[in-house]
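Below you'll find the structure, written out as structure tokens, and then a few comments.
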Amino acid sequence: MNLRVETRKPREGVAVIALSGEVDVYTSPRVKQEIVDLLNAGTTKLVVDLSGVEYLDSTGLGVLIGGLKRARERDGDLKLVCDNLRILRIFEITGLTKIFDIYRNESEALEKV
Amino acid sequence: MNLRVETRKPREGVAVIALSGEVDVYTSPRVKQEIVDLLNAGTTKLVVDLSGVEYLDSTGLGVLIGGLKRARERDGDLKLVCDNLRILRIFEITGLTKIFDIYRNESEALEKV
Amino acid sequence: MPTSKPLAQVELCIPSRPEYVGVARLAILGVASRMRFSYDEVEDIRLAVGEACTRSIDRLNGSAAEGHTISLRCLIDANRLTIEVTNPLVPAAPKPPPGESPESLPEGDLSGVLIRILMDEVEAEESQDEGTQVLRMVKYVAR
Amino acid sequence: MPTSKPLAQVELCIPSRPEYVGVARLAILGVASRMRFSYDEVEDIRLAVGEACTRSIDRLNGSAAEGHTISLRCLIDANRLTIEVTNPLVPAAPKPPPGESPESLPEGDLSGVLIRILMDEVEAEESQDEGTQVLRMVKYVAR
Ligand SMILES: Nc1ncnc2c1ncn2[C@@H]1O[C@H](COP(=O)(O)OP(=O)(O)O)[C@@H](O)[C@H]1O
Ligand SMILES: Nc1ncnc2c1ncn2[C@@H]1O[C@H](COP(=O)(O)OP(=O)(O)O)[C@@H](O)[C@H]1O
């Protein structure tokens with residue numbers, strides 16, 4: 001029903017933000033804050049793991065787009081992990097698969113970030 | 001969101017009705033029909049397995065009480081299987097633990113029926 | 001019963017038919033899980049609301065006319081949730097048995113027992129003027 | 001857009017605040033899953049309704065006054081579900097940019113793109129007389 005945000009740093013300058021639950025107009029400000037805090041603290045290579053996300057709306061997409069933009073401005077990057085077909089479909093419908101690098105699992109994303 | 005009713009006959013005269021989903025004012029008529037059909041066909045020793053039930057309301061309780069009464073009228077019985085604390089609590093609140101024999105698993109209920 | 005203006009209000013109207021009680025239960029699940037209730041308390045509220053809707057349907061099925069509506073009003077406060085379940089008072093609805101006051105839930109019936117135990121306060125009201133029957137239920141947060 | 005009388009109708013009013021959009025999504029999940037929609041279609045409808053509510057909240061946040069309400073009306077037919085999401089037309093709401101008709105969803109925004117693709121018919125309407133903005137969406141069963 002709600003959103004859980006769990007962040008870990010597998011190596012210097014790299015963070016994995018694992019989301020589970022619903023990313024919507026109510027919860028996505030928390031995701032934005034987490035991304036902004038990491039970037040401001042100098043962690044600019046981000047992996048956002050959407051594996052546990054069952055609902056993602058346009059507000060959540062906006063936060064991810066904003067995060068990607070801001071990460072790149074700081075010579076970082078933002079990669080996504082997602083294997084849920086429903087959620088992948090939302091990226092396809094909105095044309096965002098062209099903008100985001102989306103991986104099936106976390107280790108692949110961590111190799112590339 | 002809905003109810004699944006699956007019946008099997010492990011031995012002559014005995015049926016296990018396994019319910020999963022929601023037993024409420026909308027779905028419980030199907031449970032009643034299943035019980036009535038079995039009793040009319042001479043299967044009077046019934047085990048109703050509530051292990052997969054996430055929601056049970058007073059209409060569902062009424063159907064089970066009616067089933068127990070009718071089974072006993074035909075020298076049969078109706079035993080329940082339930083290990084969900086939420087559902088067990090509903091039987092306790094309504095005092096129905098005094099009327100029903102409730103077992104933790106199906107094999108125990110089948111021994112006793 | 002609480003009387004001050006609630007912080008927020010959610011209203012739902014459903015047809016008085018068994019297949020729509022699930023819609024009310026889902027909506028109330030959304031309302032209650034955004035408050036500071038425990039998982040068990042949310043489940044209690046969901047069951048009580050389902051029972052209240054089922055009672056309304058039962059009453060209306062005694063009526064000749066089709067197409068009745070049940071309305072739910074959720075009054076959300078910091079420390080409590082009040083839910084009013086209202087159905088129209090229909091002419092053909094079965095009369096309460098003699099000696100039983102219309103303001104009380106009939107004793108001995110399973111749904112009445114459940115609602116009373118699951119909720120902290122329960123009150124039934126019949127308004128001839130407005131032509132409605134209302135069941136008002138309150139659950140307190142962290143009592 | 002369909003015009004005949006629907007088989008059944010469900011109405012919901014929620015405060016125009018982010019935490020209540022989830023209540024609308026749950027209620028619509030209940031309505032849609034009782035129709036002959038596939039799992040994916042139910043999810044499409046749920047997302048579209050969430051987006052429509054989010055748009056209403058965005059518009060109303062441009063207004064000075066607090067305490068606005070979003071109302072949803074679900075018109076249920078055998079072969080289709082029509083959902084109307086209505087918010088009050090508030091004075092301080094941002095005007096649509098010149099050249100863009102108020103009946104169309106703004107192009108290029110993610111929520112507009114989603115709603116258009118997820119639903120079969122979409123129509124926006126502004127009534128100065130009633131002081132409302134309505135987004136009307138239709139999804140057909142087994143097209
Ligand atoms: N296809 C797209 N490609 C890039 N950006 C898009 C696209 N569609 C929409 N956008 C917009 O890009 C914005 C990125 O967010 P940003 O400008 O950082 O806003 P904020 O400061 O609110 O996070 C999103 O809000 C979104 O509306
Ligand atoms: N504590 C109780 N013990 C026994 N029966 C009860 C109890 N509480 C309620 N009942 C009633 O027993 C009824 C049994 O159902 P039954 O008389 O066969 O009706 P139906 O024909 O509708 O199934 C239930 O509807 C229920 O209302």
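Just remember, in the structure tokens the first chain shown is A, the second B, etc., residues are 1-based per chain, and ligands are 1-based in the order shown.
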
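A distance search around ligand 2 (9 Å at most, only C-alpha atoms and all ligand atoms) returns the following protein and nucleic acid residues: Lys32, Ser58, Thr59, Leu61, Gly62, Val63, Leu64, Ile65, Gly66, Gly67, Leu68, Lys69, Arg70, Thr94, Gly95, Leu96, Lys98 and Ile99 of chain B; Gly108, Asp109, Leu110 and Ser111 of chain C.
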
Near-segment 38-54 of chain B list (9 Å; only C-alpha atoms; drop same-chain fewer than 6 positions) as a ChimeraX atom specification: /B:3,9,12-23,64,67-68,70-72,74-84,86-87,104-106,109-110,113

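Put simply, atom CA of Val49 of chain D is 14.9 Å away from atom CA of Ile76 of chain D.
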
Please identify all polymer residues within 12 Å of Gln128 of chain D, counting only C-alpha atoms, omitting same-chain residues fewer than 2 positions from it, and present them as a compact mmCIF listing (two decimals) with C-alpha atoms, in the first residue's frame.
# COMPACT_ATOMS: atom_id res chain seq x y z
CA PRO D 88 -13.95 22.46 -9.23
CA LEU D 89 -12.82 25.19 -11.62
CA VAL D 90 -10.86 27.45 -9.32
CA PRO D 91 -10.04 31.11 -10.11
CA PRO D 102 -9.33 23.79 -23.15
CA GLU D 125 -14.67 19.36 -20.59
CA GLU D 126 -14.80 22.65 -18.76
CA GLU D 130 -21.22 24.57 -13.15
CA GLY D 131 -17.71 25.67 -12.23
CA THR D 132 -16.21 22.28 -12.97
CA GLN D 133 -13.56 20.57 -15.05
CA VAL D 134 -14.37 17.00 -16.04

Per DSSP on the backbone, filter chain C down to the residues in strand (DSSP E) and report them as a VMD selection string. chain C and resid 8 to 15 69 to 76 80 to 88 121 to 127 132 to 140

Any idea which chain C residues end up within 9 Å of chain A if we count only C-alpha atoms, as an NGL selection string please? :C and (30 or 33-34)

Let's have the selection written as an mmCIF file, in the first residue's frame, with N, CA, C and O atoms.
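part22.cif, freshly written:
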data_model
loop_
_atom_site.group_PDB
_atom_site.id
_atom_site.type_symbol
_atom_site.label_atom_id
_atom_site.label_comp_id
_atom_site.auth_asym_id
_atom_site.auth_seq_id
_atom_site.Cartn_x
_atom_site.Cartn_y
_atom_site.Cartn_z
ATOM 1 N N GLY C 30 -8.326 1.665 1.816
ATOM 2 C CA GLY C 30 -7.476 2.795 1.450
ATOM 3 C C GLY C 30 -7.516 3.900 2.486
ATOM 4 O O GLY C 30 -6.480 4.445 2.877
ATOM 5 N N SER C 33 -5.913 2.594 5.932
ATOM 6 C CA SER C 33 -4.481 2.295 5.966
ATOM 7 C C SER C 33 -3.643 3.563 5.837
ATOM 8 O O SER C 33 -2.439 3.515 6.029
ATOM 9 N N ARG C 34 -4.273 4.697 5.530
ATOM 10 C CA ARG C 34 -3.552 5.961 5.550
ATOM 11 C C ARG C 34 -3.607 6.623 6.925
ATOM 12 O O ARG C 34 -3.029 7.676 7.146
#

Just want the 9 Å neighbourhood of segment 10-24 of chain D, counted on only C-alpha atoms, with same-chain residues fewer than 5 positions away dropped. Output as a PyMOL selection string. (chain A and resi 1+24-27) or (chain C and resi 8-15+20+23+26-31+34) or (chain D and resi 29+31+46+49-51+53-54+56-58+60-61+66-76+87)

Residue subset to file, keeping C-alpha atoms, as a short mmCIF file (atom, residue, chain, number, x, y, z; two decimals), in the first residue's frame:
data_model
loop_
_atom_site.label_atom_id
_atom_site.label_comp_id
_atom_site.auth_asym_id
_atom_site.auth_seq_id
_atom_site.Cartn_x
_atom_site.Cartn_y
_atom_site.Cartn_z
CA MET A 1 0.00 0.00 0.00
CA ASP A 24 2.82 7.79 -6.86
CA VAL A 25 1.91 11.43 -6.30
CA TYR A 26 1.90 10.79 -2.56
CA THR A 27 5.13 8.84 -2.17
CA ALA C 8 -11.04 15.15 5.83
CA GLN C 9 -14.01 13.38 4.40
CA VAL C 10 -14.40 10.60 1.84
CA GLU C 11 -17.77 9.64 0.39
CA LEU C 12 -18.79 6.60 -1.62
CA CYS C 13 -22.11 5.59 -3.14
CA ILE C 14 -22.62 2.03 -4.39
CA PRO C 15 -25.61 0.14 -5.74
CA TYR C 20 -20.48 -3.87 -4.86
CA VAL C 23 -15.82 -1.86 -3.67
CA LEU C 26 -11.46 -1.66 -0.85
CA ALA C 27 -12.17 2.06 -0.49
CA ILE C 28 -12.27 1.79 3.30
CA LEU C 29 -9.04 -0.19 3.22
CA GLY C 30 -7.48 2.80 1.45
CA VAL C 31 -8.86 5.29 3.94
CA ARG C 34 -3.55 5.96 5.55
CA LEU D 29 -9.86 -1.63 -8.75
CA VAL D 31 -15.28 -1.68 -9.76
CA ARG D 46 -6.31 1.93 -12.24
CA VAL D 49 -7.70 7.01 -12.77
CA GLY D 50 -4.65 7.67 -10.62
CA GLU D 51 -3.29 10.01 -13.30
CA CYS D 53 -6.77 12.44 -9.92
CA THR D 54 -3.16 13.61 -9.89
CA SER D 56 -6.93 17.43 -10.67
CA ILE D 57 -4.73 17.89 -7.61
CA ASP D 58 -2.12 19.70 -9.70
CA LEU D 60 -6.20 22.79 -7.61
CA ASN D 61 -2.83 23.38 -6.03
CA GLU D 66 -7.86 24.73 0.56
CA GLY D 67 -10.30 21.89 1.07
CA HIS D 68 -11.27 21.10 -2.51
CA THR D 69 -12.87 17.81 -3.44
CA ILE D 70 -12.34 15.54 -6.43
CA SER D 71 -15.30 13.44 -7.44
CA LEU D 72 -15.28 10.25 -9.47
CA ARG D 73 -18.31 8.78 -11.14
CA CYS D 74 -18.13 5.26 -12.59
CA LEU D 75 -20.82 4.36 -15.08
CA ILE D 76 -20.88 0.58 -15.43
CA ASN D 87 -12.68 18.95 -9.95
#

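The two atoms in question, atom CA of Asp101 of chain B and atom CA of Asp57 of chain B, are spaced 18.5 Å apart.
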
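A straight line drawn from atom CA of Tyr39 of chain D to atom CA of Arg136 of chain D is 21.8 Å long.
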
Skipping near chain neighbours, those fewer than 5 positions away, what residues fall within 12 Å of Val138 of chain C using only C-alpha atoms, listed as a ChimeraX atom specification? /C:1-3,32,41,44-45,48-49,73-77,79-85,115-124,143

Resulting file, chosen residues, N, CA, C and O atoms, as a short mmCIF file (atom, residue, chain, number, x, y, z; two decimals), in the first residue's frame:
data_model
loop_
_atom_site.label_atom_id
_atom_site.label_comp_id
_atom_site.auth_asym_id
_atom_site.auth_seq_id
_atom_site.Cartn_x
_atom_site.Cartn_y
_atom_site.Cartn_z
N MET C 1 -20.65 10.20 20.54
CA MET C 1 -20.24 10.27 19.14
C MET C 1 -19.56 11.63 18.86
O MET C 1 -20.03 12.66 19.32
N PRO C 2 -18.47 11.61 18.09
CA PRO C 2 -17.74 12.84 17.78
C PRO C 2 -18.62 13.82 16.99
O PRO C 2 -19.44 13.40 16.19
N THR C 3 -18.44 15.10 17.24
CA THR C 3 -19.27 16.07 16.52
C THR C 3 -18.48 17.16 15.80
O THR C 3 -19.01 17.81 14.91
N ALA C 32 -8.45 3.71 5.75
CA ALA C 32 -7.96 3.31 7.07
C ALA C 32 -6.45 3.08 7.07
O ALA C 32 -5.77 3.37 8.06
N GLU C 41 -6.32 -3.60 13.10
CA GLU C 41 -7.40 -2.61 13.22
C GLU C 41 -7.98 -2.28 11.84
O GLU C 41 -9.19 -2.14 11.70
N ASP C 44 -10.24 -5.02 10.98
CA ASP C 44 -11.48 -4.91 11.76
C ASP C 44 -12.44 -3.93 11.09
O ASP C 44 -13.63 -4.20 10.94
N ILE C 45 -11.90 -2.78 10.69
CA ILE C 45 -12.73 -1.73 10.08
C ILE C 45 -13.30 -2.24 8.76
O ILE C 45 -14.47 -2.05 8.44
N ALA C 48 -16.11 -4.65 9.48
CA ALA C 48 -17.29 -3.95 10.01
C ALA C 48 -18.03 -3.22 8.89
O ALA C 48 -19.26 -3.24 8.84
N VAL C 49 -17.29 -2.60 7.99
CA VAL C 49 -17.93 -1.88 6.88
C VAL C 49 -18.62 -2.86 5.93
O VAL C 49 -19.73 -2.63 5.47
N ARG C 73 -19.99 7.44 4.36
CA ARG C 73 -19.28 8.68 4.59
C ARG C 73 -18.20 8.39 5.62
O ARG C 73 -18.50 7.85 6.69
N CYS C 74 -16.96 8.70 5.29
CA CYS C 74 -15.85 8.48 6.21
C CYS C 74 -15.39 9.84 6.71
O CYS C 74 -15.01 10.69 5.90
N LEU C 75 -15.44 10.03 8.00
CA LEU C 75 -14.98 11.28 8.61
C LEU C 75 -13.65 10.98 9.28
O LEU C 75 -13.58 10.16 10.21
N ILE C 76 -12.61 11.60 8.74
CA ILE C 76 -11.25 11.27 9.16
C ILE C 76 -10.71 12.31 10.11
O ILE C 76 -10.65 13.49 9.76
N ASP C 77 -10.37 11.91 11.32
CA ASP C 77 -9.75 12.80 12.29
C ASP C 77 -8.41 12.22 12.68
O ASP C 77 -8.13 11.05 12.42
N ASN C 79 -7.37 11.30 15.54
CA ASN C 79 -7.42 10.21 16.51
C ASN C 79 -8.55 9.21 16.30
O ASN C 79 -8.75 8.31 17.11
N ARG C 80 -9.32 9.37 15.22
CA ARG C 80 -10.44 8.45 15.02
C ARG C 80 -10.97 8.50 13.59
O ARG C 80 -10.83 9.49 12.88
N LEU C 81 -11.61 7.39 13.22
CA LEU C 81 -12.30 7.29 11.94
C LEU C 81 -13.77 7.00 12.23
O LEU C 81 -14.08 6.05 12.95
N THR C 82 -14.65 7.85 11.69
CA THR C 82 -16.09 7.63 11.84
C THR C 82 -16.64 7.26 10.48
O THR C 82 -16.32 7.91 9.48
N ILE C 83 -17.42 6.20 10.43
CA ILE C 83 -17.99 5.77 9.15
C ILE C 83 -19.50 5.70 9.30
O ILE C 83 -20.01 5.06 10.22
N GLU C 84 -20.20 6.37 8.40
CA GLU C 84 -21.66 6.32 8.39
C GLU C 84 -22.11 5.56 7.15
O GLU C 84 -21.76 5.92 6.04
N VAL C 85 -22.86 4.52 7.36
CA VAL C 85 -23.40 3.74 6.25
C VAL C 85 -24.91 4.00 6.21
O VAL C 85 -25.61 3.73 7.19
N ILE C 115 -19.97 -6.25 14.25
CA ILE C 115 -19.81 -4.80 14.18
C ILE C 115 -19.55 -4.22 15.57
O ILE C 115 -18.65 -3.41 15.77
N ARG C 116 -20.34 -4.67 16.56
CA ARG C 116 -20.15 -4.16 17.91
C ARG C 116 -18.78 -4.45 18.47
O ARG C 116 -18.20 -3.64 19.19
N ILE C 117 -18.26 -5.63 18.18
CA ILE C 117 -16.96 -6.00 18.77
C ILE C 117 -15.81 -5.35 18.00
O ILE C 117 -14.82 -4.94 18.58
N LEU C 118 -15.96 -5.23 16.70
CA LEU C 118 -14.86 -4.74 15.88
C LEU C 118 -14.68 -3.22 16.00
O LEU C 118 -13.57 -2.72 15.85
N MET C 119 -15.77 -2.51 16.24
CA MET C 119 -15.68 -1.05 16.31
C MET C 119 -15.79 -0.58 17.76
O MET C 119 -16.29 -1.30 18.62
N ASP C 120 -15.32 0.64 18.02
CA ASP C 120 -15.33 1.16 19.39
C ASP C 120 -16.70 1.72 19.78
O ASP C 120 -17.11 1.62 20.92
N GLU C 121 -17.36 2.37 18.83
CA GLU C 121 -18.69 2.90 19.10
C GLU C 121 -19.59 2.59 17.92
O GLU C 121 -19.15 2.69 16.76
N VAL C 122 -20.82 2.22 18.19
CA VAL C 122 -21.77 1.89 17.13
C VAL C 122 -23.12 2.50 17.49
O VAL C 122 -23.54 2.43 18.65
N GLU C 123 -23.79 3.08 16.51
CA GLU C 123 -25.05 3.76 16.78
C GLU C 123 -25.91 3.64 15.53
O GLU C 123 -25.44 3.92 14.42
N ALA C 124 -27.14 3.20 15.68
CA ALA C 124 -28.05 3.10 14.53
C ALA C 124 -29.12 4.15 14.67
O ALA C 124 -29.57 4.46 15.78
N ARG C 143 -5.91 3.76 21.09
CA ARG C 143 -6.72 4.10 22.26
C ARG C 143 -5.96 3.99 23.53
O ARG C 143 -5.25 3.02 23.74
#

Within chain D, find each residue whose DSSP state, derived from the backbone, is alpha helix (DSSP H), and express the selection as a ChimeraX atom specification. /D:21-33,39-61,110-118
